[in-house]
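Working notes, structure below.
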Amino acid sequence: MNNIFNFYTVKIYKHTLGRNDASEVIYSCENILSEIIEQNSISKDSIFNYSSLFKKSKLKKEDKDVFIKSVYVLAHINVKFLEQHFHYLDGAGHWEEIDLESVFQSYKENEFYNPITHEKINEKQFNNIVLPYFSPTDELVSLLKGDKQ
């Protein structure tokens, strides 16, 4: 487990090098790393929302900006610890995945549609329907499986 922690810590340090908020972001990232790596049942099906990750970060409420930056460091292509996904609750009460590219395109074009009714909605309504979540990357799952063998 220590090797996996060190592997990602090096990536985080490289990615945050020279940032004014590097020490705070690194602190948060390391706490999240530790909490997730130490769980015994991490798989590709494991999901984390902002609330669960915030608890793992060990930050205070007033540090939410640092927390958000930390999550995006962990999900950055240079770090590859977490993957971001989006989903919504359909009319039958099932979570449905939304393509990441579609969500980014909505923000880029500032055009939002209800994924259930396909009616045009505003950004706030979209954010109340389409919710982000995170999962471990294939790389992380593979490293954790190799460490347990």
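Please note that chains go A, B, ... in the order of the structure tokens, that every chain numbers its residues from 1, and that ligands are numbered from 1 in the order shown.
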Would you kindly return, as a VMD selection string, each protein, DNA or RNA residue with an atom no farther than 9 Å from any atom of Phe86 in chain A, considering only C-alpha atoms and excluding same-chain residues fewer than 5 positions away? chain A and resid 96 to 100 103 130 to 134
Residue selection dump (N, CA and C atoms) as a short mmCIF file (atom, residue, chain, number, x, y, z; two decimals), in the first residue's frame:
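New file again_21.cif:
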data_model
loop_
_atom_site.label_atom_id
_atom_site.label_comp_id
_atom_site.auth_asym_id
_atom_site.auth_seq_id
_atom_site.Cartn_x
_atom_site.Cartn_y
_atom_site.Cartn_z
N GLU A 96 -28.76 6.76 -14.36
CA GLU A 96 -28.35 6.63 -15.76
C GLU A 96 -27.10 7.46 -15.99
N GLU A 97 -26.13 6.88 -16.64
CA GLU A 97 -24.86 7.54 -16.95
C GLU A 97 -25.07 8.55 -18.09
N ILE A 98 -24.36 9.66 -18.01
CA ILE A 98 -24.33 10.64 -19.10
C ILE A 98 -22.90 10.71 -19.60
N ASP A 99 -22.76 10.71 -20.89
CA ASP A 99 -21.45 10.79 -21.52
C ASP A 99 -20.72 12.06 -21.08
N LEU A 100 -19.50 11.91 -20.65
CA LEU A 100 -18.68 13.02 -20.17
C LEU A 100 -18.56 14.13 -21.22
N VAL A 103 -21.61 16.38 -21.34
CA VAL A 103 -21.67 17.34 -20.23
C VAL A 103 -20.73 18.51 -20.49
N VAL A 130 -28.17 16.59 -13.15
CA VAL A 130 -26.98 15.85 -13.56
C VAL A 130 -25.91 16.01 -12.48
N LEU A 131 -25.58 14.89 -11.84
CA LEU A 131 -24.69 14.94 -10.69
C LEU A 131 -23.35 14.26 -10.99
N PRO A 132 -22.27 14.89 -10.54
CA PRO A 132 -20.95 14.28 -10.74
C PRO A 132 -20.68 13.22 -9.67
N TYR A 133 -19.85 12.27 -10.04
CA TYR A 133 -19.30 11.33 -9.08
C TYR A 133 -17.95 10.86 -9.61
N PHE A 134 -17.22 10.17 -8.78
CA PHE A 134 -15.88 9.75 -9.14
C PHE A 134 -15.72 8.26 -8.87
#
Taking 2 positions as the minimum chain separation for residues in the same chain, which residues sit within 9 Å of range 3-20 of chain A when counting only C-alpha atoms? Answer as a PyMOL selection string. chain A and resi 1+22-23+25-26+29-30+33-34+37+73-74+76+78-81+140+143-144+147
What would the file look like if the residues just selected were written as an mmCIF file, in the first residue's frame with C-alpha atoms?
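Everything below was put into out_2.cif:
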data_model
loop_
_atom_site.group_PDB
_atom_site.id
_atom_site.type_symbol
_atom_site.label_atom_id
_atom_site.label_comp_id
_atom_site.auth_asym_id
_atom_site.auth_seq_id
_atom_site.Cartn_x
_atom_site.Cartn_y
_atom_site.Cartn_z
ATOM 1 C CA MET A 1 0.000 0.000 0.000
ATOM 2 C CA ALA A 22 0.387 23.453 -3.421
ATOM 3 C CA SER A 23 0.848 22.597 0.263
ATOM 4 C CA VAL A 25 -3.827 20.809 -2.093
ATOM 5 C CA ILE A 26 -1.160 18.180 -1.408
ATOM 6 C CA CYS A 29 -4.861 14.865 -1.814
ATOM 7 C CA GLU A 30 -2.691 12.790 0.513
ATOM 8 C CA LEU A 33 -5.221 8.909 -1.162
ATOM 9 C CA SER A 34 -4.668 7.305 2.233
ATOM 10 C CA ILE A 37 -5.965 3.088 -0.669
ATOM 11 C CA VAL A 73 -5.761 17.146 -9.262
ATOM 12 C CA LEU A 74 -6.595 13.521 -8.397
ATOM 13 C CA HIS A 76 -6.198 14.985 -13.816
ATOM 14 C CA ASN A 78 -1.233 13.422 -15.215
ATOM 15 C CA VAL A 79 -2.275 11.856 -11.896
ATOM 16 C CA LYS A 80 -4.988 9.330 -12.879
ATOM 17 C CA PHE A 81 -6.157 8.417 -9.383
ATOM 18 C CA LEU A 140 -5.448 2.369 -9.370
ATOM 19 C CA LEU A 143 -2.218 -1.467 -8.606
ATOM 20 C CA LEU A 144 -4.390 -2.334 -5.615
ATOM 21 C CA ASP A 147 -0.544 -5.198 -4.031
#
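CA of Ile77 in chain A sits 19.1 Å away from CA of Asn49 in chain A.
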DSSP on the backbone, alpha helix (DSSP H) only: what residues of range 57-149 of chain A does that give? Format it as a PyMOL selection string. chain A and resi 57+64-74+100-109+123-129+138-148
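Near Ile42 in chain A, within a cut-off of 12 Å and counting only C-alpha atoms, sit the residues Glu35, Ile36, Ile37, Ile47, Phe48, Leu82, Ser135, Pro136, Thr137, Asp138, Leu140, Val141, Ser142, Leu143, Leu144, Lys145 and Lys148 of chain A, with same-chain residues fewer than 5 positions away left out.
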I'd like to know which of A:Ile32, A:Ser57, A:Phe112, A:Ile129 is closest to Gly91 in chain A, using only C-alpha atoms. A:Ile129
Name the residues of range 82-118 of chain A that fall into strand (DSSP E or B) according to DSSP on the backbone, using the chain letters and numbers of this document, as a list of chain:residue names. A:Leu82, A:Glu83, A:Gln84, A:His85, A:Phe86, A:His87, A:Tyr88, A:Leu89, A:Trp95, A:Glu96, A:Glu97, A:Ile98, A:Phe112, A:Tyr113
Which residues are close to Lys56 in chain A, i.e. within 7 Å by only C-alpha atoms, leaving aside same-chain residues fewer than 2 positions away? Reply as a CSV table (one decimal) with C-alpha atoms, in the first residue's frame.
chain,number,residue,atom,x,y,z
A,31,ASN,CA,-5.6,12.4,3.0
A,32,ILE,CA,-7.9,11.3,0.2
A,35,GLU,CA,-8.4,6.8,2.9
A,52,SER,CA,-17.5,11.3,0.8
A,53,LEU,CA,-14.3,12.7,-0.7
A,54,PHE,CA,-14.6,15.8,1.4
A,58,LYS,CA,-9.9,16.1,6.4
